[in-house]
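*Asks:* Dumping the structure here so I can ask a few things about it.
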Amino acid sequence: MSVQEQIRTLLEEKLDRQVYDTWCQSLELNNKGENLWHIPAPNPFYRDWLEKELRRPLEDAFKQIFGQIPTLVFKVEEGNTPPQAIPTESVTTSPSKTSTDKKLPAPPKPPPPSSPRVPGGEEGKQTKLNGKYTFDSYVVGPSNRFAHAATLAVSENLGNLYNPLFIHGGVGLGKTHLLQSLCHAVLEENPYTKIIYLSCENFVNDYIAAVRGGGLDEFRRRYRNADLLVVDDVHFLVGKEASQEEFFHTFNTLHISQRQIVLSSDQPAHDIPTLKDHLLSRFSSGLEARIDAPTFETRLSILTDRAKAQGKELSGEVLTYIASTIQNNVRELEGAVTKVIGLSALSKRPLTLDLAQEALRESATPRISIVTLGRIQETVAHYYGIKVSDFRSRTWRKSTSLPRQICMYLCRKYTSHSLAEIGEAFAGKDHSTIIYSVKKVEKLMLKDLAVRTDVERLSREIQG
Ligand code: ADP
Ligand code: MG
């Protein structure tokens with residue numbers, strides 16, 4: 001008896017007559033190498049049903065015969081896909097018209113998916129998707145354009161384009177948001193896609209629990225049968241050898257059968273310490289996309305969106321202040337909006353620059369101690385190719401007025417010196433000159449790209 005026949009016989013014993021007649025009579029099993037079987041289906045609709053109804057019984061049958069569970073891939077056969085990818089009523093009523101000459105029975109109409117927002121169903125240590133993390137709410141700018149485009153492309157073409165897709169970038173820059181957007185988009189298109197989305201920490205914990213509780217078979221069955229495996233923060237694998245090994249095998253099994261893998265990390269793969277070479281080479285075998293800190297403009301858009309979400313509009317002045325105070329972390333940027341709006345609501349005061357400065361004093365001050373007025377003047381002078389004495393001497397040249405104003409702005413922003421003290425450092429100018437300069441630079445930053453770029457570069461340099 002062939003494997004196919006053996007399996008069918010077992011299924012016949014186990015399943016309801018009607019279920020068997022419906023699903024199994026024309027079932028094909030194609031061996032694609034060690035431990036990998038393809039089960040062809042005439043269309044995606046049918047495949048989803050086979051997957052749902054037959055995976056378990058088939059796995060049990062394999063286990064009974066071979067003592068282990070292979071990887072089963074339910075696949076729409078080449079050339080068998082009906083013209084419209086999504087099956088319609090006509091598939092239900094006359095399957096033979098759309099699904100070639102295979103004598104497969106029409107599958108019943110699918111029930112509505114129970115919970116389209118819990119990827120992969122009820123099993124495992126899945127991380128729940130946050131409904132807010134969608135492509136729609138993701139602000140795209142130069143810092144994340146590539147990662148965004150790659151993720152979007154993968155969501156439309158699972159397994160065939162970039163596999164794995166490896167997204168890396170610092171904390172709070174939108175990796176998790178992108179990963180979840182991908183899951184949402186895929187589920188939107190096909191709610192039956194088997195997605196496993198979880199943090200790497202959960203993967204590791206799940207693995208340890210499986211090893212301890214003797215559920216390793218079940219663990220492997222679950223992970224190795226996903227259509228899409230999304231693991232957030234894979235740098236968590238550092239120093240966890242056994243988990244790395246297990247992940248390596250999970251990765252290979254999925255990869256070999258063109259199932260999509262998407263990973264994120266706070267570092268590029270080759271910088272993750274103690275990552276085993278064979279895992280590193282897998283991680284680097286697809287596409288790596290990096291997310292950088294958002295530019296000033298992207299920060300402004302994010303701030304505007306966040307304020308809007310809280311039913312508020314912030315003035316250009318306040319937006320500029322927040323966007324220039326917090327530069328390297330979108331999560332903190334969001335937190336800042338909440339703080340400012342919160343303080344305004346609590347103290348019943350309007351959303352002014354003063355209020356924003358008060359609300360964010362802590363975020364704006366940590367660098368104060370190391371940054372001196374002198375250092376800022378040196379940095380700015382060097383940047384513009386002028387002399388520090390141009391700031392300190394009593395005779396001011398018109399040609400250096402913009403650098404001088406920017407320098408005052410930066411002194412105000414990165415030190416805790418009083419206006420009078422700052423004035424002292426600029427040839428004893430009084431506080432109104434400093435206030436005027438600070439306002440002027442804030443205004444210029446809103447409309448003049450060159451000024452903004454200069455200020456951003458200088459800010460980075462000053463913060464070291
Ligand atoms: P990471 O996983 O890289 O640490 P997250 O994806 O958790 O960062 O992002 C932190 C917060 O910032 C989230 O609330 C997220 O929605 C938000 N965020 C990050 N980048 C963007 C963006 N480009 N557009 C809108 N929101 C963003
Ligand atoms: Mg994250």
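Identifiers in the structure tokens: chain A, B, ... in order shown; residue index from 1 per chain; ligand index from 1 in order shown.
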At most 10 Å is the cut-off: for each residue in segment 147-173 of chain A with any atom that close to an atom of segment 317-332 of chain A, write down the nearest atom pair and the distance in Å rounded to one decimal, counting only C-alpha atoms, chain first then increasing number, as a Markdown table.
*Replies:*
| residue | atom | partner | partner_atom | distance |
| --- | --- | --- | --- | --- |
| A:Gly170 | CA | A:Asn329 | CA | 8.0 |
| A:Val171 | CA | A:Asn329 | CA | 6.8 |
| A:Gly172 | CA | A:Asn329 | CA | 5.0 |
| A:Leu173 | CA | A:Val330 | CA | 5.5 |
*Asks:* For the interface of chain A with ligand 1 (cut-off 8 Å, counting only C-alpha atoms and all ligand atoms), please tabulate each contacting residue of chain A alongside its nearest pair of atoms and their separation in Å to one decimal, rows sorted by chain and increasing number, as a tab-separated table.
*Replies:*
residue	atom	partner	partner_atom_place_in_ligand_line	distance
A:Lys132	CA	ligand 1	16 (O)	7.2
A:Tyr133	CA	ligand 1	16 (O)	5.8
A:Ser137	CA	ligand 1	25 (C)	5.7
A:Tyr138	CA	ligand 1	24 (N)	3.6
A:Val139	CA	ligand 1	24 (N)	3.7
A:Val140	CA	ligand 1	23 (N)	5.4
A:Gly141	CA	ligand 1	23 (N)	7.3
A:Asn144	CA	ligand 1	23 (N)	6.9
A:His168	CA	ligand 1	3 (O)	7.9
A:Gly169	CA	ligand 1	3 (O)	6.3
A:Gly170	CA	ligand 1	3 (O)	6.1
A:Val171	CA	ligand 1	4 (O)	4.0
A:Gly172	CA	ligand 1	4 (O)	3.4
A:Leu173	CA	ligand 1	3 (O)	4.0
A:Gly174	CA	ligand 1	6 (O)	3.1
A:Lys175	CA	ligand 1	3 (O)	3.7
A:Thr176	CA	ligand 1	6 (O)	3.6
A:His177	CA	ligand 1	6 (O)	3.7
A:Leu178	CA	ligand 1	6 (O)	6.4
A:Leu179	CA	ligand 1	6 (O)	7.9
A:Asp232	CA	ligand 1	2 (O)	7.8
A:Asp233	CA	ligand 1	2 (O)	7.8
A:Asp266	CA	ligand 1	3 (O)	7.4
A:Pro294	CA	ligand 1	23 (N)	7.6
A:Thr298	CA	ligand 1	23 (N)	7.5
A:Ile302	CA	ligand 1	25 (C)	5.6
A:Asn329	CA	ligand 1	12 (O)	7.5
A:Val330	CA	ligand 1	12 (O)	4.4
A:Arg331	CA	ligand 1	11 (C)	4.0
A:Glu332	CA	ligand 1	12 (O)	7.7
A:Leu333	CA	ligand 1	12 (O)	7.6
A:Glu334	CA	ligand 1	12 (O)	6.7
*Asks:* Write out as an MDAnalysis selection string the residues lying within 10 Å of Leu165 of chain A, counting only C-alpha atoms and excluding same-chain residues fewer than 3 positions away.
*Replies:* chainID A and resid 147 150:151 154 159 161:162 168 230 260:264 283:289
*Asks:* How would the residues just picked look written out with N, CA, C and O atoms as a tab-separated table (two decimals), in the first residue's frame?
*Replies:*
chain	number	residue	atom	x	y	z
A	147	ALA	N	11.95	50.46	4.59
A	147	ALA	CA	11.40	49.38	5.43
A	147	ALA	C	9.89	49.28	5.22
A	147	ALA	O	9.33	48.19	5.12
A	150	ALA	N	9.19	47.72	1.77
A	150	ALA	CA	9.51	46.29	1.76
A	150	ALA	C	8.42	45.50	2.50
A	150	ALA	O	7.98	44.45	2.04
A	151	THR	N	7.98	46.02	3.62
A	151	THR	CA	6.97	45.32	4.42
A	151	THR	C	5.65	45.25	3.65
A	151	THR	O	4.98	44.22	3.62
A	154	VAL	N	5.93	42.69	0.91
A	154	VAL	CA	5.87	41.33	1.43
A	154	VAL	C	4.43	40.97	1.80
A	154	VAL	O	3.97	39.86	1.55
A	159	GLY	N	6.11	35.02	0.94
A	159	GLY	CA	6.97	33.87	0.65
A	159	GLY	C	7.76	33.99	-0.64
A	159	GLY	O	8.69	33.24	-0.86
A	161	LEU	N	8.96	37.03	-2.22
A	161	LEU	CA	9.70	38.24	-2.56
A	161	LEU	C	11.00	38.35	-1.77
A	161	LEU	O	12.08	38.14	-2.28
A	162	TYR	N	10.86	38.71	-0.54
A	162	TYR	CA	12.03	38.83	0.34
A	162	TYR	C	11.79	37.90	1.50
A	162	TYR	O	10.91	38.14	2.31
A	168	HIS	N	15.49	46.23	11.03
A	168	HIS	CA	16.19	46.61	12.25
A	168	HIS	C	16.24	48.11	12.44
A	168	HIS	O	16.15	48.88	11.48
A	230	VAL	N	6.07	35.74	12.18
A	230	VAL	CA	6.60	37.08	12.43
A	230	VAL	C	7.16	37.11	13.86
A	230	VAL	O	6.40	36.91	14.82
A	260	GLN	N	6.53	32.59	4.53
A	260	GLN	CA	7.18	33.88	4.80
A	260	GLN	C	7.65	34.00	6.24
A	260	GLN	O	6.93	33.64	7.18
A	261	ILE	N	8.84	34.56	6.40
A	261	ILE	CA	9.37	34.84	7.73
A	261	ILE	C	9.71	36.33	7.80
A	261	ILE	O	10.36	36.85	6.89
A	262	VAL	N	9.27	36.98	8.84
A	262	VAL	CA	9.59	38.40	9.02
A	262	VAL	C	10.15	38.59	10.43
A	262	VAL	O	9.57	38.08	11.41
A	263	LEU	N	11.27	39.25	10.52
A	263	LEU	CA	11.94	39.38	11.81
A	263	LEU	C	12.26	40.85	12.09
A	263	LEU	O	12.45	41.63	11.16
A	264	SER	N	12.34	41.18	13.35
A	264	SER	CA	12.83	42.51	13.68
A	264	SER	C	13.90	42.40	14.74
A	264	SER	O	13.96	41.42	15.49
A	283	PHE	N	19.46	34.74	8.58
A	283	PHE	CA	18.86	36.06	8.79
A	283	PHE	C	19.25	37.02	7.67
A	283	PHE	O	18.48	37.89	7.28
A	284	SER	N	20.47	36.86	7.19
A	284	SER	CA	20.95	37.81	6.18
A	284	SER	C	20.64	37.36	4.76
A	284	SER	O	21.04	38.01	3.80
A	285	SER	N	19.94	36.24	4.62
A	285	SER	CA	19.77	35.69	3.28
A	285	SER	C	18.63	36.34	2.51
A	285	SER	O	18.48	36.14	1.32
A	286	GLY	N	17.82	37.13	3.18
A	286	GLY	CA	16.71	37.79	2.46
A	286	GLY	C	17.01	39.26	2.29
A	286	GLY	O	18.03	39.63	1.74
A	287	LEU	N	16.11	40.07	2.81
A	287	LEU	CA	16.30	41.51	2.69
A	287	LEU	C	16.39	42.14	4.07
A	287	LEU	O	15.54	41.88	4.93
A	288	GLU	N	17.43	42.94	4.27
A	288	GLU	CA	17.52	43.69	5.53
A	288	GLU	C	17.08	45.12	5.27
A	288	GLU	O	17.54	45.74	4.32
A	289	ALA	N	16.18	45.60	6.09
A	289	ALA	CA	15.73	46.99	5.93
A	289	ALA	C	15.88	47.71	7.25
A	289	ALA	O	15.48	47.19	8.29
*Asks:* For Asn205 of chain A, please output as a list of chain:residue names all residues within 12 Å (counting only C-alpha atoms; exclusion window: fewer than 2 positions along the same chain).
*Replies:*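 The residues that qualify are A:Gly124, A:Lys125, A:Gln126, A:Leu198, A:Ser199, A:Cys200, A:Glu201, A:Asn202, A:Phe203, A:Tyr207, A:Ile208, A:Ala209, A:Ala210, A:Val211, A:Arg212, A:Gly213, A:Phe219, A:Phe236, A:Leu237, A:Lys240, A:Ala242, A:Ser243.
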*Asks:* Just give me the gap between atom CA of Lys52 of chain A and atom CA of Arg221 of chain A in Å, one decimal is fine.
*Replies:*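 Value for the atom CA of Lys52 of chain A-atom CA of Arg221 of chain A distance: 14.2 Å.
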*Asks:* For ligand 2, which residue among A:Val234, A:Val73, A:Ile376, A:Glu28 is the nearest when counting only C-alpha atoms and all ligand atoms?
*Replies:*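 Under the stated criterion, the closest residue is A:Val234.
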